[in-house]
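*Asks:* Structure supplied as final_26.tsv; contents: TSV, C-alpha atoms.
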```
chain	number	residue	atom	x	y	z
O	29	MET	CA	105.27	107.59	81.74
O	30	VAL	CA	105.89	108.73	85.32
O	31	ILE	CA	107.03	112.32	85.83
O	32	GLU	CA	109.95	112.60	88.25
O	33	ILE	CA	109.45	114.19	91.62
O	34	SER	CA	112.00	115.85	93.91
O	35	CYS	CA	112.87	114.73	97.45
O	36	GLU	CA	111.41	117.98	98.85
O	37	GLU	CA	108.09	117.33	97.09
O	38	VAL	CA	108.12	113.76	98.38
O	39	TRP	CA	108.58	114.89	102.00
O	40	ARG	CA	105.64	117.24	101.60
O	41	GLU	CA	103.41	114.32	100.59
O	42	ILE	CA	104.66	111.58	102.91
O	43	SER	CA	101.93	112.08	105.49
O	44	ASN	CA	99.20	112.14	102.83
O	45	TYR	CA	100.72	109.02	101.26
O	46	LEU	CA	100.51	107.23	104.62
O	47	GLU	CA	96.88	108.32	104.89
O	48	ASN	CA	96.20	107.01	101.39
O	49	ASP	CA	95.18	110.54	100.52
O	50	VAL	CA	97.00	111.07	97.21
O	51	SER	CA	95.84	110.78	93.61
O	52	PRO	CA	96.78	107.63	91.65
O	53	GLN	CA	99.14	109.74	89.50
O	54	LEU	CA	100.94	111.17	92.52
O	55	ARG	CA	101.06	107.74	94.15
O	56	ALA	CA	102.83	106.36	91.05
O	57	ARG	CA	105.34	109.23	91.08
O	58	LEU	CA	106.02	108.79	94.80
O	59	GLU	CA	106.46	105.04	94.52
O	60	ALA	CA	108.82	105.41	91.56
O	61	HIS	CA	110.87	107.84	93.66
O	62	PHE	CA	110.96	105.57	96.73
O	63	LYS	CA	112.39	102.78	94.60
O	64	GLY	CA	115.46	104.82	93.75
O	65	CYS	CA	115.89	106.95	96.88
O	66	ALA	CA	117.09	105.37	100.14
O	67	HIS	CA	116.76	108.63	102.08
O	68	CYS	CA	113.11	109.16	101.21
O	69	THR	CA	112.34	105.50	101.84
O	70	ALA	CA	113.92	105.87	105.30
O	71	VAL	CA	111.83	108.95	105.98
O	72	LEU	CA	108.68	107.17	104.78
O	73	LYS	CA	109.29	104.10	106.94
O	74	GLY	CA	110.21	106.21	109.93
O	75	ALA	CA	107.09	108.32	109.61
O	76	GLY	CA	105.03	105.13	109.21
O	77	ASN	CA	106.66	103.73	112.35
O	78	VAL	CA	105.81	106.90	114.26
O	79	VAL	CA	102.16	106.51	113.30
O	80	GLN	CA	102.26	102.86	114.36
O	81	LEU	CA	104.01	103.59	117.66
O	82	VAL	CA	101.71	106.44	118.58
O	83	ASN	CA	98.77	104.33	117.49
O	84	ASP	CA	99.74	101.62	119.99
O	85	GLY	CA	98.35	103.85	122.69
O	86	SER	CA	100.01	102.11	125.62
O	87	VAL	CA	102.43	105.01	125.94
O	88	PHE	CA	99.55	107.26	126.78
O	89	ASP	CA	97.73	105.61	129.62
O	90	LEU	CA	95.28	107.55	131.70
O	91	PRO	CA	96.53	108.28	135.22
O	92	ASP	CA	95.47	105.61	137.75
O	93	GLY	CA	92.00	106.27	139.08
O	94	PHE	CA	91.22	108.89	136.43
O	95	SER	CA	87.87	107.35	135.49
O	96	ASN	CA	86.76	106.97	139.11
O	97	ARG	CA	87.65	110.55	139.97
O	98	LEU	CA	85.88	111.87	136.86
O	99	TYR	CA	82.82	109.78	137.68
O	100	LYS	CA	82.88	110.97	141.30
O	101	ARG	CA	83.10	114.61	140.26
O	102	LEU	CA	80.23	114.18	137.81
O	103	GLN	CA	78.21	112.32	140.44
O	104	ASP	CA	78.71	115.12	142.97
O	105	ARG	CA	77.57	117.66	140.42
O	106	LEU	CA	74.62	115.60	139.22
O	107	ALA	CA	73.54	115.04	142.84
O	108	THR	CA	73.66	118.80	143.46
O	109	GLY	CA	71.60	119.33	140.32
O	110	ARG	CA	68.98	116.87	141.55
O	111	ARG	CA	68.78	118.48	144.99
O	112	LYS	CA	68.30	121.88	143.40
O	113	SER	CA	65.48	120.64	141.20
O	114	HIS	CA	63.68	119.24	144.26
O	115	HIS	CA	63.56	122.60	146.03
U	299	MET	CA	66.65	111.17	107.96
U	300	GLY	CA	67.43	109.25	111.13
U	301	ALA	CA	67.64	105.91	109.35
U	302	THR	CA	70.61	107.07	107.25
U	303	LYS	CA	72.55	108.23	110.32
U	304	PRO	CA	75.33	105.98	111.56
U	305	GLN	CA	74.57	103.80	114.58
U	306	VAL	CA	76.99	105.68	116.80
U	307	GLU	CA	75.19	108.97	116.28
U	308	ALA	CA	71.82	107.35	116.84
U	309	SER	CA	72.85	105.95	120.23
U	310	GLU	CA	74.50	109.25	121.08
U	311	ALA	CA	71.25	111.06	120.33
U	312	ALA	CA	69.33	108.56	122.45
U	313	LEU	CA	71.68	109.11	125.39
U	314	ILE	CA	71.38	112.87	125.05
U	315	GLU	CA	67.61	112.55	125.12
U	316	ARG	CA	67.83	110.46	128.28
U	317	VAL	CA	69.99	113.11	129.94
U	318	ALA	CA	67.53	115.81	128.89
U	319	ALA	CA	64.71	113.74	130.38
U	320	GLY	CA	66.49	113.72	133.74
U	321	ASP	CA	68.49	110.49	133.53
U	322	THR	CA	71.76	112.12	134.50
U	323	GLU	CA	73.55	108.75	134.72
U	324	ALA	CA	73.26	108.58	130.93
U	325	PHE	CA	75.66	111.51	130.76
U	326	TYR	CA	78.49	109.37	132.07
U	327	GLU	CA	77.75	106.84	129.35
U	328	LEU	CA	78.20	109.64	126.84
U	329	VAL	CA	81.52	110.73	128.34
U	330	ARG	CA	83.04	107.32	129.07
U	331	PRO	CA	84.02	106.42	125.45
U	332	CYS	CA	85.86	109.71	125.03
U	333	GLU	CA	87.41	110.21	128.45
U	334	ARG	CA	90.87	109.33	127.19
U	335	ALA	CA	90.57	111.75	124.28
U	336	LEU	CA	89.35	114.35	126.73
U	337	PHE	CA	92.37	113.88	128.97
U	338	LEU	CA	94.92	113.67	126.15
U	339	ALA	CA	93.56	116.75	124.38
U	340	ALA	CA	94.06	118.75	127.58
U	341	ARG	CA	97.37	117.01	128.31
U	342	GLY	CA	98.66	117.95	124.86
U	343	ILE	CA	98.22	121.63	125.63
U	344	LEU	CA	99.03	121.77	129.33
U	345	GLY	CA	101.89	119.28	129.43
U	346	ASN	CA	101.20	117.74	132.82
U	347	ASP	CA	98.83	115.12	134.18
U	348	ALA	CA	97.42	117.01	137.18
U	349	ASP	CA	96.32	120.11	135.24
U	350	ALA	CA	95.05	117.96	132.36
U	351	GLU	CA	92.91	115.84	134.68
U	352	GLU	CA	91.39	118.86	136.36
U	353	THR	CA	90.72	120.46	132.97
U	354	ALA	CA	89.15	117.25	131.64
U	355	GLN	CA	86.80	117.19	134.64
U	356	GLU	CA	85.93	120.87	134.19
U	357	ALA	CA	85.23	120.26	130.50
U	358	ALA	CA	82.91	117.35	131.28
U	359	LEU	CA	81.02	119.44	133.84
U	360	LYS	CA	80.77	122.31	131.39
U	361	ALA	CA	79.45	119.97	128.70
U	362	PHE	CA	76.83	118.72	131.15
U	363	SER	CA	75.67	122.24	132.00
U	364	ASN	CA	75.59	123.25	128.35
U	365	LEU	CA	74.22	120.06	126.86
U	366	ARG	CA	71.12	121.89	125.68
U	367	ARG	CA	73.35	123.97	123.42
U	368	PHE	CA	74.73	120.90	121.68
U	369	ARG	CA	72.98	120.91	118.31
U	370	GLY	CA	74.38	117.69	116.93
U	371	GLU	CA	76.28	119.46	114.15
U	372	CYS	CA	79.27	117.30	115.02
U	373	LYS	CA	79.72	114.18	117.16
U	374	PHE	CA	79.31	114.61	120.90
U	375	SER	CA	82.94	113.51	121.36
U	376	THR	CA	84.19	116.22	118.98
U	377	TRP	CA	82.15	118.82	120.85
U	378	LEU	CA	83.47	117.60	124.20
U	379	ILE	CA	87.06	117.70	122.92
U	380	GLN	CA	86.46	121.25	121.64
U	381	ILE	CA	85.40	122.27	125.15
U	382	ALA	CA	88.45	120.56	126.70
U	383	LEU	CA	90.80	122.29	124.23
U	384	ASN	CA	89.25	125.68	124.99
U	385	GLU	CA	89.43	125.12	128.73
U	386	ALA	CA	93.06	124.02	128.46
U	387	ARG	CA	93.98	127.04	126.34
U	388	MET	CA	92.28	129.41	128.75
U	389	ARG	CA	94.14	127.83	131.63
U	390	LEU	CA	97.45	128.07	129.80
U	391	ARG	CA	96.78	131.71	128.92
U	392	LYS	CA	96.13	132.51	132.56
U	393	GLU	CA	99.37	130.83	133.59
U	394	ARG	CA	101.35	132.51	130.88
U	395	ARG	CA	99.98	135.89	131.82
U	396	THR	CA	101.39	135.43	135.28
U	397	LEU	CA	104.69	134.35	133.78
U	398	HIS	CA	104.74	137.42	131.48
U	399	GLU	CA	105.17	135.20	128.47
U	400	SER	CA	103.60	135.77	125.12
U	401	LEU	CA	101.38	133.02	123.81
U	402	ASP	CA	101.77	134.49	120.34
U	403	GLN	CA	105.35	133.34	120.23
U	404	THR	CA	104.43	129.69	120.26
U	405	LEU	CA	101.38	130.17	118.07
U	406	ARG	CA	103.14	132.13	115.35
U	407	ALA	CA	102.63	130.48	112.00
U	408	ASP	CA	105.49	128.22	111.12
U	409	GLU	CA	104.18	125.92	108.50
U	410	GLY	CA	106.87	126.09	105.86
U	411	ASP	CA	108.39	122.90	104.53
U	412	TYR	CA	109.96	120.62	107.08
U	413	VAL	CA	113.27	119.12	106.07
U	414	PRO	CA	114.03	115.78	107.73
U	415	ARG	CA	117.29	115.92	109.69
U	416	ASP	CA	118.11	112.28	110.14
U	417	PHE	CA	117.93	109.64	107.44
U	418	ALA	CA	118.43	106.60	109.63
U	419	ASP	CA	116.60	103.61	108.24
U	420	TRP	CA	114.22	102.20	110.83
U	421	ARG	CA	112.68	99.38	108.87
U	422	GLU	CA	110.09	97.83	111.14
U	423	ILE	CA	109.84	98.13	114.88
U	424	PRO	CA	109.36	94.75	116.54
U	425	LEU	CA	106.32	94.60	118.79
U	426	GLU	CA	108.41	93.67	121.81
U	427	ALA	CA	110.33	96.94	121.42
U	428	LEU	CA	107.13	98.74	122.36
U	429	GLN	CA	107.33	97.16	125.79
U	430	ARG	CA	110.70	98.76	126.35
U	431	LYS	CA	110.55	101.60	128.77
U	432	GLU	CA	113.22	103.53	126.85
U	433	LEU	CA	111.20	103.61	123.65
U	434	ARG	CA	107.97	104.56	125.42
U	435	GLU	CA	109.73	107.35	127.27
U	436	ALA	CA	111.51	108.56	124.14
U	437	LEU	CA	108.23	108.65	122.26
U	438	ALA	CA	106.45	110.54	125.05
U	439	GLY	CA	109.42	112.94	125.18
U	440	ALA	CA	109.41	113.44	121.41
U	441	ILE	CA	105.70	114.27	121.44
U	442	ALA	CA	106.15	116.58	124.42
U	443	SER	CA	108.86	118.46	122.51
U	444	LEU	CA	106.46	119.38	119.69
U	445	ALA	CA	104.97	122.87	119.58
U	446	PRO	CA	101.39	122.72	120.92
U	447	LYS	CA	99.74	123.21	117.53
U	448	TYR	CA	101.53	120.17	116.12
U	449	ARG	CA	101.03	118.11	119.27
U	450	GLU	CA	97.27	118.79	119.29
U	451	VAL	CA	96.87	117.46	115.76
U	452	LEU	CA	99.02	114.37	116.42
U	453	VAL	CA	97.08	113.57	119.61
U	454	LEU	CA	93.65	113.87	117.99
U	455	ARG	CA	94.47	112.20	114.70
U	456	ASP	CA	97.12	109.56	115.47
U	457	ILE	CA	96.38	108.75	119.10
U	458	GLU	CA	92.64	109.24	119.26
U	459	HIS	CA	91.95	108.44	115.60
U	460	LEU	CA	89.63	111.31	114.90
U	461	SER	CA	89.07	111.77	111.16
U	462	ILE	CA	90.82	114.69	109.43
U	463	ALA	CA	87.43	116.44	109.29
U	464	ASP	CA	86.69	115.91	113.01
U	465	THR	CA	90.21	117.00	113.96
U	466	ALA	CA	89.72	120.19	111.94
U	467	MET	CA	86.33	120.74	113.58
U	468	ALA	CA	87.64	120.17	117.13
U	469	LEU	CA	90.57	122.55	116.62
U	470	GLY	CA	88.68	125.12	114.58
U	471	ILE	CA	91.19	124.97	111.72
U	472	THR	CA	90.96	123.90	108.07
U	473	GLU	CA	91.53	120.35	106.90
U	474	VAL	CA	94.51	121.59	104.89
U	475	SER	CA	96.07	122.93	108.11
U	476	VAL	CA	95.42	119.61	109.83
U	477	LYS	CA	97.30	117.80	107.08
U	478	THR	CA	100.20	120.26	107.04
U	479	ARG	CA	100.59	120.13	110.82
U	480	LEU	CA	100.23	116.36	110.90
U	481	LEU	CA	103.06	115.99	108.39
U	482	ARG	CA	105.31	118.27	110.43
U	483	ALA	CA	104.41	116.49	113.69
U	484	ARG	CA	105.12	113.02	112.31
U	485	LEU	CA	108.42	114.00	110.69
U	486	GLN	CA	109.56	115.87	113.78
U	487	VAL	CA	108.77	112.94	116.08
U	488	ARG	CA	110.59	110.67	113.66
U	489	ASP	CA	113.66	112.91	113.78
U	490	ALA	CA	113.51	113.09	117.55
U	491	LEU	CA	113.45	109.30	117.85
U	492	ALA	CA	115.98	108.53	115.11
U	493	PRO	CA	119.15	109.02	117.19
U	494	GLY	CA	118.12	106.20	119.53
U	495	ILE	CA	117.00	103.84	116.87
U	496	ASP	CA	120.38	102.10	116.55
U	497	GLY	CA	121.00	102.06	120.28
U	498	GLY	CA	118.83	102.35	123.36
U	499	TRP	CA	115.70	100.35	122.85
U	500	SER	CA	117.13	98.03	120.22
U	501	LEU	CA	119.72	96.56	122.63
U	502	GLY	CA	119.91	92.81	122.33
U	503	SER	CA	118.98	92.87	118.69
U	504	THR	CA	121.61	92.98	116.01
U	505	GLU	CA	119.01	93.76	113.41
U	506	TYR	CA	118.99	97.50	114.16
U	507	LYS	CA	122.67	98.02	114.70
U	508	LYS	CA	123.38	99.35	111.25
U	509	VAL	CA	120.61	101.68	110.43
U	510	ARG	CA	122.85	104.25	108.83
U	511	PRO	CA	124.65	102.36	106.06
U	512	TRP	CA	126.07	105.51	104.49
```
Please render this file's structure as structure tokens.
*Replies:*
Amino acid sequence: MVIEISCEEVWREISNYLENDVSPQLRARLEAHFKGCAHCTAVLKGAGNVVQLVNDGSVFDLPDGFSNRLYKRLQDRLATGRRKSHH
Amino acid sequence: MGATKPQVEASEAALIERVAAGDTEAFYELVRPCERALFLAARGILGNDADAEETAQEAALKAFSNLRRFRGECKFSTWLIQIALNEARMRLRKERRTLHESLDQTLRADEGDYVPRDFADWREIPLEALQRKELREALAGAIASLAPKYREVLVLRDIEHLSIADTAMALGITEVSVKTRLLRARLQVRDALAPGIDGGWSLGSTEYKKVRPW
């Protein structure tokens, strides 16, 4: 017997559901709700898509030359450190 | 004991030892795997590339100077991200002070329930849609529109794939707060993207034309 759950409660758990971070009982209640509720299913799929899109990573490239500039700055500092230790 | 530690931590510890022994090149090896996280953590707070890059560099230099203080209670990457977040916040605070704005306003707790605004049905996003400039820009814009505390969590967890525990550690908040903010961030980004889902980046495909059947 699955106890019903409201849309508001479902929204509160959608992120945890996507993370697989809900108890088996809650999972059963959520899944029963999704079957009968188009709105919540849309929210679930949309939130899942957001995670997938963000996860893709290509939207968030490092600026060109970032690594080289970081390396250069570290090198400069490390070189200064070495000179100091020699004196 | 050491044998039970994951491989990653073992190699991290070895690199740290090399740095301590004077092999400063090893420090770059430590930073390289997390340089993107370093940049994005700062970018999430500061909102622009130039300031974020400078802050990321400052954070790496600071980590180098303070490496002796790193006790291995968390991963090196988490510690480095913590430093970057602190540097970015300090920088933002300085800027805000000159602008006479109150940081408290944006940091005020606002973690009540989030009610989705748009119930458009996305179904699945085809991979080729990701290549579309419109979608990439809309996504970047949606994330930029989040309040910093939600953006930070989304960046660390969903972009950089830190665990919930590491995200909490890096931000100095509880795991419960991470989960609450993550939920809000994901739903808000979803709402921000929903209006374009049946237009814009789905041009050329009939599949997404009718996402709002009601």
*Asks:* So that I can see what lies close to range 34-48 of chain O, please list as a PyMOL selection string the residues with an atom at most 7 Å from it, counting all atoms listed in the file and leaving out residues fewer than 4 positions away in the same chain.
*Replies:* (chain O and resi 58+68+72+76) or (chain U and resi 411+481)
*Asks:* Write a file of the just-selected residues containing C-alpha atoms, as a PDB file, in the frame of the given file.
*Replies:*
```pdb
ATOM      1  CA  LEU O  58     106.020 108.790  94.800  1.00  0.00           C
ATOM      2  CA  CYS O  68     113.110 109.160 101.210  1.00  0.00           C
ATOM      3  CA  LEU O  72     108.680 107.170 104.780  1.00  0.00           C
ATOM      4  CA  GLY O  76     105.030 105.130 109.210  1.00  0.00           C
TER       5      GLY O  76
ATOM      6  CA  ASP U 411     108.390 122.900 104.530  1.00  0.00           C
ATOM      7  CA  LEU U 481     103.060 115.990 108.390  1.00  0.00           C
TER       8      LEU U 481
END
```
*Asks:* Under the rule of at most 7 Å, produce a per-residue listing of chain O near chain U: chain, number, name, the closest pair of atoms, and the distance in Å, as JSON lines, using all atoms listed in the file.
*Replies:*
```
{"residue": "O:Arg40", "atom": "CA", "partner": "U:Asp411", "partner_atom": "CA", "distance": 6.9}
{"residue": "O:Ser43", "atom": "CA", "partner": "U:Leu481", "partner_atom": "CA", "distance": 5.0}
{"residue": "O:His67", "atom": "CA", "partner": "U:Phe417", "partner_atom": "CA", "distance": 5.6}
{"residue": "O:Ala70", "atom": "CA", "partner": "U:Asp419", "partner_atom": "CA", "distance": 4.6}
{"residue": "O:Val71", "atom": "CA", "partner": "U:Phe417", "partner_atom": "CA", "distance": 6.3}
{"residue": "O:Lys73", "atom": "CA", "partner": "U:Arg421", "partner_atom": "CA", "distance": 6.1}
{"residue": "O:Gly74", "atom": "CA", "partner": "U:Trp420", "partner_atom": "CA", "distance": 5.7}
{"residue": "O:Ala75", "atom": "CA", "partner": "U:Arg484", "partner_atom": "CA", "distance": 5.8}
{"residue": "O:Asn77", "atom": "CA", "partner": "U:Ile423", "partner_atom": "CA", "distance": 6.9}
{"residue": "O:Val78", "atom": "CA", "partner": "U:Arg488", "partner_atom": "CA", "distance": 6.1}
{"residue": "O:Val79", "atom": "CA", "partner": "U:Asp456", "partner_atom": "CA", "distance": 6.3}
{"residue": "O:Val82", "atom": "CA", "partner": "U:Ile457", "partner_atom": "CA", "distance": 5.8}
{"residue": "O:Asn83", "atom": "CA", "partner": "U:Ile457", "partner_atom": "CA", "distance": 5.3}
{"residue": "O:Gly85", "atom": "CA", "partner": "U:Ile457", "partner_atom": "CA", "distance": 6.4}
{"residue": "O:Val87", "atom": "CA", "partner": "U:Arg434", "partner_atom": "CA", "distance": 5.6}
{"residue": "O:Leu90", "atom": "CA", "partner": "U:Arg334", "partner_atom": "CA", "distance": 6.6}
{"residue": "O:Leu98", "atom": "CA", "partner": "U:Gln355", "partner_atom": "CA", "distance": 5.8}
{"residue": "O:Leu102", "atom": "CA", "partner": "U:Leu359", "partner_atom": "CA", "distance": 6.6}
{"residue": "O:Leu106", "atom": "CA", "partner": "U:Thr322", "partner_atom": "CA", "distance": 6.5}
```
*Asks:* For C-alpha atoms, I'd like the residues from the last selection saved as an mmCIF file, in the coordinates of the input.
*Replies:*
```
data_model
loop_
_atom_site.group_PDB
_atom_site.id
_atom_site.type_symbol
_atom_site.label_atom_id
_atom_site.label_comp_id
_atom_site.auth_asym_id
_atom_site.auth_seq_id
_atom_site.Cartn_x
_atom_site.Cartn_y
_atom_site.Cartn_z
ATOM 1 C CA ARG O 40 105.640 117.240 101.600
ATOM 2 C CA SER O 43 101.930 112.080 105.490
ATOM 3 C CA HIS O 67 116.760 108.630 102.080
ATOM 4 C CA ALA O 70 113.920 105.870 105.300
ATOM 5 C CA VAL O 71 111.830 108.950 105.980
ATOM 6 C CA LYS O 73 109.290 104.100 106.940
ATOM 7 C CA GLY O 74 110.210 106.210 109.930
ATOM 8 C CA ALA O 75 107.090 108.320 109.610
ATOM 9 C CA ASN O 77 106.660 103.730 112.350
ATOM 10 C CA VAL O 78 105.810 106.900 114.260
ATOM 11 C CA VAL O 79 102.160 106.510 113.300
ATOM 12 C CA VAL O 82 101.710 106.440 118.580
ATOM 13 C CA ASN O 83 98.770 104.330 117.490
ATOM 14 C CA GLY O 85 98.350 103.850 122.690
ATOM 15 C CA VAL O 87 102.430 105.010 125.940
ATOM 16 C CA LEU O 90 95.280 107.550 131.700
ATOM 17 C CA LEU O 98 85.880 111.870 136.860
ATOM 18 C CA LEU O 102 80.230 114.180 137.810
ATOM 19 C CA LEU O 106 74.620 115.600 139.220
#
```
*Asks:* For Val30 in chain O, find every residue with an atom within 12 Å (counting only C-alpha atoms), except residues of its own chain fewer than 3 positions away, and show them as a PyMOL selection string.
*Replies:* chain O and resi 33+52-61
*Asks:* What's the separation between CA of Asp104 in chain O and CA of Leu454 in chain U, in Å to one decimal place?
*Replies:* 29.1 Å
